[in-house]
file entry13.pdb (PDB, C-alpha atoms, pLDDT in the B column)
ATOM      1  CA  LEU A   4    -129.318   5.980  77.652  1.00 34.00           C
ATOM      2  CA  GLY A   5    -129.692   6.295  73.912  1.00 38.00           C
ATOM      3  CA  GLN A   6    -129.099   4.735  70.556  1.00 38.00           C
ATOM      4  CA  ALA A   7    -128.416   6.530  67.290  1.00 41.00           C
ATOM      5  CA  HIS A   8    -130.078   5.033  64.215  1.00 40.00           C
ATOM      6  CA  GLY A   9    -127.607   2.952  62.243  1.00 42.00           C
ATOM      7  CA  GLN A  10    -125.127   2.573  65.082  1.00 37.00           C
ATOM      8  CA  ALA A  11    -124.336  -0.395  67.329  1.00 36.00           C
ATOM      9  CA  PRO A  12    -127.155  -1.858  69.467  1.00 38.00           C
ATOM     10  CA  LEU A  13    -127.895  -0.367  72.857  1.00 38.00           C
ATOM     11  CA  ARG A  14    -125.365  -1.500  75.454  1.00 35.00           C
ATOM     12  CA  ILE A  15    -125.742  -1.291  79.191  1.00 36.00           C
ATOM     13  CA  GLY A  16    -122.196  -1.389  80.483  1.00 37.00           C
ATOM     14  CA  ARG A  17    -119.240  -3.324  79.075  1.00 33.00           C
ATOM     15  CA  GLN A  18    -118.975  -5.646  82.077  1.00 32.00           C
ATOM     16  CA  ALA A  19    -122.607  -6.763  81.844  1.00 31.00           C
ATOM     17  CA  VAL A  20    -122.331  -7.556  78.132  1.00 29.00           C
ATOM     18  CA  ALA A  21    -118.966  -9.278  78.608  1.00 29.00           C
ATOM     19  CA  MET A  22    -120.399 -11.482  81.363  1.00 26.00           C
ATOM     20  CA  ALA A  23    -123.322 -12.462  79.148  1.00 28.00           C
ATOM     21  CA  GLY A  24    -120.951 -13.280  76.290  1.00 28.00           C
ATOM     22  CA  LEU A  25    -118.759 -15.376  78.559  1.00 28.00           C
ATOM     23  CA  ALA A  26    -121.786 -17.278  79.854  1.00 30.00           C
ATOM     24  CA  GLY A  27    -122.707 -18.172  76.279  1.00 32.00           C
ATOM     25  CA  GLN A  28    -119.330 -19.693  75.466  1.00 32.00           C
ATOM     26  CA  THR A  29    -119.740 -22.823  77.558  1.00 31.00           C
ATOM     27  CA  GLY A  30    -122.324 -25.499  78.176  1.00 35.00           C
ATOM     28  CA  ARG A  31    -122.538 -27.685  81.276  1.00 35.00           C
ATOM     29  CA  LYS A  32    -122.397 -31.467  80.971  1.00 37.00           C
ATOM     30  CA  ALA A  33    -122.099 -34.267  83.510  1.00 37.00           C
ATOM     31  CA  GLY A  34    -118.471 -34.484  84.500  1.00 37.00           C
ATOM     32  CA  GLY A  35    -117.442 -30.989  83.490  1.00 36.00           C
ATOM     33  CA  VAL A  36    -117.898 -27.960  81.267  1.00 36.00           C
ATOM     34  CA  VAL A  37    -117.773 -28.358  77.496  1.00 34.00           C
ATOM     35  CA  PRO A  38    -118.142 -25.867  74.617  1.00 37.00           C
ATOM     36  CA  ALA A  39    -121.738 -25.251  73.525  1.00 38.00           C
ATOM     37  CA  GLN A  40    -122.848 -25.778  69.944  1.00 42.00           C
ATOM     38  CA  PRO A  41    -122.395 -22.611  67.817  1.00 46.00           C
ATOM     39  CA  HIS A  42    -126.118 -21.998  67.220  1.00 47.00           C
ATOM     40  CA  CYS A  43    -126.951 -22.685  70.890  1.00 48.00           C
ATOM     41  CA  ARG A  44    -124.129 -20.392  71.962  1.00 49.00           C
ATOM     42  CA  GLN A  45    -125.497 -17.511  69.856  1.00 53.00           C
ATOM     43  CA  CYS A  46    -129.058 -17.949  71.155  1.00 52.00           C
ATOM     44  CA  PHE A  47    -127.899 -18.214  74.754  1.00 48.00           C
ATOM     45  CA  ARG A  48    -125.681 -15.163  74.407  1.00 56.00           C
ATOM     46  CA  ALA A  49    -128.494 -13.095  72.911  1.00 60.00           C
ATOM     47  CA  ARG A  50    -130.950 -14.100  75.642  1.00 59.00           C
ATOM     48  CA  SER A  51    -128.382 -13.575  78.389  1.00 58.00           C
ATOM     49  CA  THR A  52    -127.430 -10.160  77.074  1.00 68.00           C
ATOM     50  CA  ARG A  53    -131.070  -9.018  76.991  1.00 68.00           C
ATOM     51  CA  ILE A  54    -131.667 -10.266  80.532  1.00 70.00           C
ATOM     52  CA  VAL A  55    -128.540  -8.588  81.884  1.00 71.00           C
ATOM     53  CA  GLU A  56    -129.276  -5.329  80.017  1.00 77.00           C
ATOM     54  CA  ARG A  57    -132.830  -5.166  81.365  1.00 78.00           C
ATOM     55  CA  ALA A  58    -131.591  -5.858  84.871  1.00 81.00           C
ATOM     56  CA  ALA A  59    -128.986  -3.100  84.522  1.00 80.00           C
ATOM     57  CA  VAL A  60    -131.646  -0.644  83.321  1.00 79.00           C
ATOM     58  CA  ALA A  61    -133.946  -1.586  86.198  1.00 80.00           C
ATOM     59  CA  ASP A  62    -131.070  -0.981  88.614  1.00 83.00           C
ATOM     60  CA  LEU A  63    -130.484   2.514  87.214  1.00 80.00           C
ATOM     61  CA  ARG A  64    -134.161   3.312  87.635  1.00 84.00           C
ATOM     62  CA  ARG A  65    -133.980   2.786  91.396  1.00 83.00           C
ATOM     63  CA  ALA A  66    -131.827   5.904  91.767  1.00 81.00           C
ATOM     64  CA  ALA A  67    -133.793   8.347  89.582  1.00 87.00           C
ATOM     65  CA  LEU A  68    -136.398   8.682  86.869  1.00 91.00           C
ATOM     66  CA  LEU A  69    -135.094   7.009  83.730  1.00 92.00           C
ATOM     67  CA  LEU A  70    -135.513   8.192  80.133  1.00 94.00           C
ATOM     68  CA  ILE A  71    -134.642   5.701  77.375  1.00 93.00           C
ATOM     69  CA  SER A  72    -134.125   7.270  73.965  1.00 95.00           C
ATOM     70  CA  PHE A  73    -133.573   6.658  70.275  1.00 97.00           C
ATOM     71  CA  HIS A  74    -132.000   9.281  67.989  1.00 96.00           C
ATOM     72  CA  SER A  75    -131.619   9.207  64.219  1.00 96.00           C
ATOM     73  CA  TYR A  76    -129.559  12.093  62.878  1.00 95.00           C
ATOM     74  CA  ARG A  77    -129.767  10.959  59.233  1.00 95.00           C
ATOM     75  CA  GLU A  78    -133.443  10.257  58.511  1.00 96.00           C
ATOM     76  CA  THR A  79    -136.802   9.252  59.923  1.00 97.00           C
ATOM     77  CA  PRO A  80    -137.002   5.431  59.976  1.00 96.00           C
ATOM     78  CA  GLU A  81    -139.986   3.851  58.265  1.00 93.00           C
ATOM     79  CA  LYS A  82    -141.086   1.597  61.134  1.00 93.00           C
ATOM     80  CA  LEU A  83    -141.181   3.944  64.097  1.00 95.00           C
ATOM     81  CA  GLY A  84    -143.629   1.694  65.917  1.00 94.00           C
ATOM     82  CA  ASN A  85    -140.972  -1.019  66.026  1.00 94.00           C
ATOM     83  CA  VAL A  86    -138.457   1.488  67.376  1.00 95.00           C
ATOM     84  CA  LEU A  87    -140.765   2.439  70.234  1.00 94.00           C
ATOM     85  CA  ARG A  88    -141.551  -1.187  71.024  1.00 93.00           C
ATOM     86  CA  ARG A  89    -137.829  -1.941  71.231  1.00 93.00           C
ATOM     87  CA  LEU A  90    -137.349   0.899  73.719  1.00 93.00           C
ATOM     88  CA  LYS A  91    -140.308  -0.230  75.805  1.00 91.00           C
ATOM     89  CA  ALA A  92    -138.745  -3.667  76.172  1.00 90.00           C
ATOM     90  CA  PHE A  93    -136.668  -1.963  78.868  1.00 88.00           C
ATOM     91  CA  PRO A  94    -138.242  -0.656  82.088  1.00 87.00           C
ATOM     92  CA  GLY A  95    -138.258   3.142  82.009  1.00 90.00           C
ATOM     93  CA  ASP A  96    -140.217   6.200  83.074  1.00 93.00           C
ATOM     94  CA  PHE A  97    -140.045   8.038  79.741  1.00 94.00           C
ATOM     95  CA  TYR A  98    -139.369   6.934  76.164  1.00 95.00           C
ATOM     96  CA  LYS A  99    -137.995   9.404  73.638  1.00 96.00           C
ATOM     97  CA  VAL A 100    -137.964   8.929  69.843  1.00 97.00           C
ATOM     98  CA  VAL A 101    -136.266  11.684  67.845  1.00 97.00           C
ATOM     99  CA  ALA A 102    -135.330  11.670  64.154  1.00 98.00           C
ATOM    100  CA  LEU A 103    -134.209  14.080  61.462  1.00 98.00           C
ATOM    101  CA  SER A 104    -137.132  15.253  59.343  1.00 98.00           C
ATOM    102  CA  SER A 105    -136.792  16.263  55.709  1.00 96.00           C
ATOM    103  CA  ARG A 106    -140.532  16.469  55.013  1.00 97.00           C
ATOM    104  CA  HIS A 107    -143.822  17.012  56.805  1.00 98.00           C
ATOM    105  CA  GLN A 108    -144.808  13.389  56.416  1.00 98.00           C
ATOM    106  CA  ASP A 109    -141.801  12.563  58.636  1.00 98.00           C
ATOM    107  CA  ASN A 110    -143.208  14.967  61.230  1.00 98.00           C
ATOM    108  CA  ALA A 111    -146.587  13.270  61.019  1.00 98.00           C
ATOM    109  CA  ALA A 112    -145.057   9.824  61.490  1.00 97.00           C
ATOM    110  CA  LEU A 113    -143.272  10.918  64.674  1.00 97.00           C
ATOM    111  CA  LEU A 114    -146.311  12.711  66.093  1.00 96.00           C
ATOM    112  CA  GLY A 115    -148.330   9.614  65.256  1.00 95.00           C
ATOM    113  CA  LEU A 116    -146.539   7.767  68.068  1.00 95.00           C
ATOM    114  CA  HIS A 117    -148.705   9.819  70.443  1.00 91.00           C
ATOM    115  CA  ALA A 118    -151.926   8.830  68.676  1.00 80.00           C
ATOM    116  CA  THR A 119    -152.835   5.996  71.022  1.00 59.00           C
ATOM    117  CA  ALA A 120    -151.953   7.884  74.197  1.00 53.00           C
ATOM    118  CA  ARG A 121    -154.813   8.966  76.431  1.00 54.00           C
ATOM    119  CA  GLY A 122    -154.103  12.242  78.135  1.00 50.00           C
ATOM    120  CA  LYS A 123    -150.522  12.643  79.302  1.00 57.00           C
ATOM    121  CA  SER A 124    -148.130  10.021  77.999  1.00 85.00           C
ATOM    122  CA  ASN A 125    -144.636   8.861  78.907  1.00 93.00           C
ATOM    123  CA  VAL A 126    -143.631   9.087  75.233  1.00 95.00           C
ATOM    124  CA  LEU A 127    -141.760  12.033  73.706  1.00 95.00           C
ATOM    125  CA  ALA A 128    -141.633  11.989  69.907  1.00 97.00           C
ATOM    126  CA  PHE A 129    -140.525  14.958  67.837  1.00 97.00           C
ATOM    127  CA  ALA A 130    -138.390  15.813  64.815  1.00 98.00           C
ATOM    128  CA  LEU A 131    -134.997  17.407  64.294  1.00 97.00           C
ATOM    129  CA  GLY A 132    -134.298  20.053  61.644  1.00 96.00           C
ATOM    130  CA  ASP A 133    -136.016  23.220  60.433  1.00 95.00           C
ATOM    131  CA  VAL A 134    -138.925  21.291  58.926  1.00 97.00           C
ATOM    132  CA  GLY A 135    -139.377  19.410  62.187  1.00 97.00           C
ATOM    133  CA  SER A 136    -139.229  22.447  64.482  1.00 97.00           C
ATOM    134  CA  PRO A 137    -143.044  22.783  64.971  1.00 98.00           C
ATOM    135  CA  THR A 138    -143.193  19.239  66.369  1.00 98.00           C
ATOM    136  CA  ARG A 139    -141.400  20.469  69.490  1.00 97.00           C
ATOM    137  CA  VAL A 140    -144.610  22.304  70.368  1.00 97.00           C
ATOM    138  CA  LEU A 141    -147.093  19.938  68.719  1.00 97.00           C
ATOM    139  CA  SER A 142    -145.703  16.923  70.605  1.00 96.00           C
ATOM    140  CA  VAL A 143    -146.758  18.523  73.898  1.00 95.00           C
ATOM    141  CA  LEU A 144    -150.250  19.125  72.519  1.00 94.00           C
ATOM    142  CA  ARG A 145    -150.371  15.417  71.638  1.00 92.00           C
ATOM    143  CA  GLY A 146    -149.552  14.357  75.194  1.00 92.00           C
ATOM    144  CA  ALA A 147    -145.755  14.451  75.592  1.00 94.00           C
ATOM    145  CA  PRO A 148    -144.926  15.189  79.249  1.00 93.00           C
ATOM    146  CA  PHE A 149    -142.303  17.800  78.303  1.00 94.00           C
ATOM    147  CA  THR A 150    -140.087  19.015  75.473  1.00 95.00           C
ATOM    148  CA  TYR A 151    -136.551  20.365  75.131  1.00 95.00           C
ATOM    149  CA  GLY A 152    -135.434  23.970  74.796  1.00 94.00           C
ATOM    150  CA  ALA A 153    -132.095  25.762  74.602  1.00 95.00           C
ATOM    151  CA  PHE A 154    -130.910  28.390  77.082  1.00 93.00           C
ATOM    152  CA  SER A 155    -130.714  30.804  74.150  1.00 93.00           C
ATOM    153  CA  PRO A 156    -130.943  30.656  70.321  1.00 90.00           C
ATOM    154  CA  GLU A 157    -127.143  30.677  70.190  1.00 92.00           C
ATOM    155  CA  GLU A 158    -126.897  27.678  72.515  1.00 93.00           C
ATOM    156  CA  ALA A 159    -129.152  25.241  70.646  1.00 93.00           C
ATOM    157  CA  VAL A 160    -127.657  21.749  70.770  1.00 92.00           C
ATOM    158  CA  ALA A 161    -129.789  20.179  68.041  1.00 93.00           C
ATOM    159  CA  PRO A 162    -131.080  21.369  64.647  1.00 93.00           C
ATOM    160  CA  GLY A 163    -134.500  22.962  64.957  1.00 94.00           C
ATOM    161  CA  GLN A 164    -134.300  23.332  68.727  1.00 95.00           C
ATOM    162  CA  LEU A 165    -136.098  26.418  70.054  1.00 96.00           C
ATOM    163  CA  ALA A 166    -134.991  28.603  72.934  1.00 96.00           C
ATOM    164  CA  GLY A 167    -136.748  28.012  76.230  1.00 95.00           C
ATOM    165  CA  THR A 168    -137.865  31.652  76.391  1.00 95.00           C
ATOM    166  CA  GLU A 169    -139.447  31.312  72.940  1.00 96.00           C
ATOM    167  CA  LEU A 170    -141.315  28.170  73.973  1.00 97.00           C
ATOM    168  CA  LEU A 171    -142.587  29.683  77.221  1.00 96.00           C
ATOM    169  CA  GLU A 172    -143.173  33.292  76.207  1.00 96.00           C
ATOM    170  CA  ARG A 173    -144.048  33.335  72.519  1.00 97.00           C
ATOM    171  CA  TYR A 174    -145.803  29.968  72.310  1.00 97.00           C
ATOM    172  CA  ARG A 175    -146.952  29.883  75.985  1.00 96.00           C
ATOM    173  CA  LEU A 176    -146.122  26.183  76.102  1.00 96.00           C
ATOM    174  CA  ALA A 177    -147.056  25.757  79.770  1.00 94.00           C
ATOM    175  CA  ARG A 178    -150.657  26.795  79.003  1.00 93.00           C
ATOM    176  CA  LEU A 179    -151.242  24.634  75.940  1.00 94.00           C
ATOM    177  CA  SER A 180    -153.329  21.461  75.944  1.00 91.00           C
ATOM    178  CA  ALA A 181    -154.963  18.981  73.592  1.00 90.00           C
ATOM    179  CA  LYS A 182    -157.853  21.488  73.271  1.00 94.00           C
ATOM    180  CA  THR A 183    -155.616  24.325  72.026  1.00 96.00           C
ATOM    181  CA  ALA A 184    -156.447  25.495  68.506  1.00 97.00           C
ATOM    182  CA  VAL A 185    -153.391  25.431  66.223  1.00 98.00           C
ATOM    183  CA  TYR A 186    -152.908  27.941  63.399  1.00 98.00           C
ATOM    184  CA  GLY A 187    -149.935  28.161  61.107  1.00 97.00           C
ATOM    185  CA  LEU A 188    -147.883  30.143  58.656  1.00 97.00           C
ATOM    186  CA  ILE A 189    -146.552  28.176  55.693  1.00 97.00           C
ATOM    187  CA  GLY A 190    -143.885  29.227  53.230  1.00 96.00           C
ATOM    188  CA  ASN A 191    -140.184  29.136  52.402  1.00 96.00           C
ATOM    189  CA  PRO A 192    -138.288  30.952  53.767  1.00 94.00           C
ATOM    190  CA  ILE A 193    -140.231  31.852  56.911  1.00 93.00           C
ATOM    191  CA  ALA A 194    -137.558  32.498  59.551  1.00 90.00           C
ATOM    192  CA  HIS A 195    -137.743  36.250  58.881  1.00 93.00           C
ATOM    193  CA  SER A 196    -141.523  36.469  59.348  1.00 96.00           C
ATOM    194  CA  LEU A 197    -142.987  38.439  62.253  1.00 96.00           C
ATOM    195  CA  SER A 198    -146.337  36.637  61.963  1.00 96.00           C
ATOM    196  CA  PRO A 199    -145.731  34.122  64.784  1.00 96.00           C
ATOM    197  CA  ALA A 200    -144.739  36.934  67.178  1.00 96.00           C
ATOM    198  CA  VAL A 201    -147.697  39.123  66.160  1.00 96.00           C
ATOM    199  CA  HIS A 202    -150.383  36.429  66.192  1.00 97.00           C
ATOM    200  CA  ASN A 203    -149.244  34.801  69.436  1.00 97.00           C
ATOM    201  CA  ALA A 204    -149.089  38.195  71.140  1.00 97.00           C
ATOM    202  CA  ALA A 205    -152.671  38.822  69.971  1.00 96.00           C
ATOM    203  CA  PHE A 206    -153.787  35.428  71.289  1.00 96.00           C
ATOM    204  CA  ALA A 207    -152.170  36.202  74.649  1.00 95.00           C
ATOM    205  CA  ALA A 208    -153.828  39.620  74.831  1.00 95.00           C
ATOM    206  CA  ARG A 209    -157.299  38.517  73.709  1.00 92.00           C
ATOM    207  CA  GLY A 210    -157.383  35.244  75.584  1.00 86.00           C
ATOM    208  CA  PRO A 211    -158.297  32.525  73.062  1.00 93.00           C
ATOM    209  CA  ASP A 212    -156.757  29.110  73.674  1.00 96.00           C
ATOM    210  CA  ALA A 213    -154.700  29.094  70.485  1.00 97.00           C
ATOM    211  CA  VAL A 214    -151.146  29.015  69.183  1.00 98.00           C
ATOM    212  CA  TYR A 215    -149.629  30.117  65.867  1.00 98.00           C
ATOM    213  CA  LEU A 216    -146.688  28.111  64.481  1.00 98.00           C
ATOM    214  CA  PRO A 217    -144.374  28.569  61.476  1.00 98.00           C
ATOM    215  CA  PHE A 218    -144.116  25.650  59.025  1.00 98.00           C
ATOM    216  CA  ARG A 219    -141.340  25.700  56.439  1.00 97.00           C
ATOM    217  CA  VAL A 220    -142.946  24.189  53.347  1.00 97.00           C
ATOM    218  CA  GLU A 221    -141.087  23.338  50.146  1.00 95.00           C
ATOM    219  CA  LEU A 222    -143.735  21.065  48.601  1.00 97.00           C
ATOM    220  CA  LEU A 223    -147.374  21.892  49.263  1.00 96.00           C
ATOM    221  CA  GLU A 224    -148.445  18.294  48.575  1.00 97.00           C
ATOM    222  CA  ASP A 225    -146.142  17.048  51.319  1.00 98.00           C
ATOM    223  CA  PHE A 226    -147.597  19.538  53.809  1.00 98.00           C
ATOM    224  CA  LEU A 227    -151.189  18.663  52.888  1.00 97.00           C
ATOM    225  CA  GLU A 228    -150.461  14.968  53.509  1.00 97.00           C
ATOM    226  CA  ALA A 229    -149.630  15.849  57.122  1.00 97.00           C
ATOM    227  CA  LEU A 230    -152.671  18.068  57.780  1.00 96.00           C
ATOM    228  CA  ASP A 231    -154.757  15.364  59.453  1.00 95.00           C
ATOM    229  CA  THR A 232    -151.988  14.806  61.982  1.00 96.00           C
ATOM    230  CA  TYR A 233    -151.296  18.515  62.498  1.00 97.00           C
ATOM    231  CA  ARG A 234    -155.020  19.217  63.135  1.00 96.00           C
ATOM    232  CA  LEU A 235    -154.676  22.851  62.112  1.00 97.00           C
ATOM    233  CA  SER A 236    -157.640  25.181  62.573  1.00 97.00           C
ATOM    234  CA  GLY A 237    -156.278  27.348  59.774  1.00 96.00           C
ATOM    235  CA  PHE A 238    -153.113  28.487  57.999  1.00 96.00           C
ATOM    236  CA  SER A 239    -151.928  31.250  55.700  1.00 94.00           C
TER     237      SER A 239
END
call {"tool": "encode", "arguments": {"input": "entry13.pdb", "output": "structure tokens"}}
result
Amino acid sequence: LGQAHGQAPLRIGRQAVAMAGLAGQTGRKAGGVVPAQPHCRQCFRARSTRIVERAAVADLRRAALLLISFHSYRETPEKLGNVLRRLKAFPGDFYKVVALSSRHQDNAALLGLHATARGKSNVLAFALGDVGSPTRVLSVLRGAPFTYGAFSPEEAVAPGQLAGTELLERYRLARLSAKTAVYGLIGNPIAHSLSPAVHNAAFAARGPDAVYLPFRVELLEDFLEALDTYRLSGFS
């Protein structure tokens, strides 16, 4: 289940919504059924739709674990907290908030959704795009239960998505934790750099609990604004 930012509200089945709309078109009165007042009809329809949608979501959850998601492919919304609260109005096992990032402050805002989580969380929040790529690793360090990876670099289905082999072998994602020290390479361009491969191989060989991530930086001021959220132990 998902909703793209700027599109129509989340809908749980046409029949459920249609039934709720039909229920809001009439009001019961002694002696028969009469049309409801316009403002009452709108309120009743809205309440009925929410009730039916939540019931439909709860029914889906009986069959399998349920992930409820929000995607914004245009920008990172300003009030991400409101987005997450809207998702959590529905009963689910995991809640995913993903948005296109054009700056490091967008990354910080998304990672900030993990700030109040203690230990492992049922929230996944990370960014799309080249600038947002490091958040696919950092979100796990902040408590996300898992992240997404492609079968291969050629099969990525979202901008900034890393291959599963890169996540597991280069960044050793399965071994990372909130205690892992994070180091980074900043610059533009950085895709050609061998530093992440070299440093992570050295960490794996020598044994320190650390990871080295590439950060594409166009404006240094923007990157510095996100440092508190990134919690880097160092960068070059």
call {"tool": "residues_around", "arguments": {"input": "entry13.pdb", "residues": "range 202-208 of chain A", "least_positions_apart": "4", "cutoff": "7 Å", "atoms": "all atoms listed in the file", "output": "number ranges by chain"}}
result
A: 173-174, 198, 213-215
call {"tool": "resolve_selection", "arguments": {"input": "entry13.pdb", "expression": "the PyMOL selection byres ((chain A and resi 135-149) around 6)", "output": "compact mmCIF listing (two decimals) with C-alpha atoms, in the coordinates of the input"}}
result
# COMPACT_ATOMS: atom_id res chain seq x y z
CA SER A 104 -137.13 15.25 59.34
CA ASN A 110 -143.21 14.97 61.23
CA HIS A 117 -148.71 9.82 70.44
CA GLY A 122 -154.10 12.24 78.14
CA LYS A 123 -150.52 12.64 79.30
CA SER A 124 -148.13 10.02 78.00
CA VAL A 126 -143.63 9.09 75.23
CA LEU A 127 -141.76 12.03 73.71
CA PHE A 129 -140.52 14.96 67.84
CA ALA A 130 -138.39 15.81 64.82
CA LEU A 131 -135.00 17.41 64.29
CA GLY A 132 -134.30 20.05 61.64
CA ASP A 133 -136.02 23.22 60.43
CA VAL A 134 -138.93 21.29 58.93
CA THR A 150 -140.09 19.02 75.47
CA GLY A 163 -134.50 22.96 64.96
CA SER A 180 -153.33 21.46 75.94
CA ALA A 181 -154.96 18.98 73.59
call {"tool": "closest_atom_pairs", "arguments": {"input": "entry13.pdb", "of": "range 167-234 of chain A", "to": "range 111-114 of chain A", "cutoff": "10 Å", "atoms": "only C-alpha atoms", "output": "CSV"}}
result
residue,atom,partner,partner_atom,distance
A:Phe226,CA,A:Ala111,CA,9.6
A:Glu228,CA,A:Ala111,CA,8.6
A:Ala229,CA,A:Ala111,CA,5.6
A:Leu230,CA,A:Ala111,CA,8.4
A:Asp231,CA,A:Ala111,CA,8.6
A:Thr232,CA,A:Ala111,CA,5.7
A:Tyr233,CA,A:Ala111,CA,7.2
call {"tool": "atom_distance", "arguments": {"input": "entry13.pdb", "atom1": "CA of Arg106 in chain A", "atom2": "CA of Arg234 in chain A"}}
result
16.8 Å
call {"tool": "closest_residue", "arguments": {"input": "entry13.pdb", "among": "A:Lys82, A:Lys91, A:Lys182, A:Arg77", "to": "Ser236 in chain A", "atoms": "only C-alpha atoms"}}
result
A:Lys182
call {"tool": "closest_residue", "arguments": {"input": "entry13.pdb", "among": "A:Asn85, A:Ser75, A:Asn191, A:Ser105", "to": "Glu221 in chain A", "atoms": "all atoms listed in the file"}}
result
A:Asn191
call {"tool": "residues_around", "arguments": {"input": "entry13.pdb", "residues": "Leu87 in chain A", "least_positions_apart": "3", "cutoff": "10 Å", "atoms": "only C-alpha atoms", "output": "PyMOL selection string"}}
result
chain A and resi 71-73+82-84+90-92+98-100+116+126+128
call {"tool": "residues_around", "arguments": {"input": "entry13.pdb", "residues": "Thr168 in chain A", "least_positions_apart": "4", "cutoff": "8 Å", "atoms": "all atoms listed in the file", "output": "PDB file with C-alpha atoms, in the frame of the given file"}}
result
ATOM      1  CA  PHE A 154    -130.910  28.390  77.082  1.00 93.00           C
ATOM      2  CA  SER A 155    -130.714  30.804  74.150  1.00 93.00           C
ATOM      3  CA  GLU A 172    -143.173  33.292  76.207  1.00 96.00           C
ATOM      4  CA  ARG A 173    -144.048  33.335  72.519  1.00 97.00           C
TER       5      ARG A 173
END
call {"tool": "atom_distance", "arguments": {"input": "entry13.pdb", "atom1": "CA of Val220 in chain A", "atom2": "CA of Gly152 in chain A"}}
result
22.7 Å
call {"tool": "atom_distance", "arguments": {"input": "entry13.pdb", "atom1": "CA of Gly210 in chain A", "atom2": "CA of Ala166 in chain A"}}
result
23.5 Å
call {"tool": "closest_residue", "arguments": {"input": "entry13.pdb", "among": "A:Ala102, A:Val60, A:Leu216, A:Ala66", "to": "Val185 in chain A", "atoms": "all atoms listed in the file"}}
result
A:Leu216
call {"tool": "closest_residue", "arguments": {"input": "entry13.pdb", "among": "A:Pro162, A:Ala194, A:Gly187, A:Leu176", "to": "Ser239 in chain A", "atoms": "all atoms listed in the file"}}
result
A:Gly187
call {"tool": "closest_residue", "arguments": {"input": "entry13.pdb", "among": "A:Leu179, A:Leu197, A:Gly167, A:Val55", "to": "Ala153 in chain A", "atoms": "all atoms listed in the file"}}
result
A:Gly167
call {"tool": "closest_residue", "arguments": {"input": "entry13.pdb", "among": "A:Asp225, A:Asp212, A:Asp109, A:Glu78", "to": "Ile189 in chain A", "atoms": "all atoms listed in the file"}}
result
A:Asp225
call {"tool": "axis_aligned_box", "arguments": {"input": "entry13.pdb", "around": "range 148-159 of chain A", "padding_each_side": "5 Å", "output": "AutoDock Vina command-line options"}}
result
--center_x -135.9 --center_y 23.0 --center_z 74.7 --size_x 28.0 --size_y 25.6 --size_z 19.1
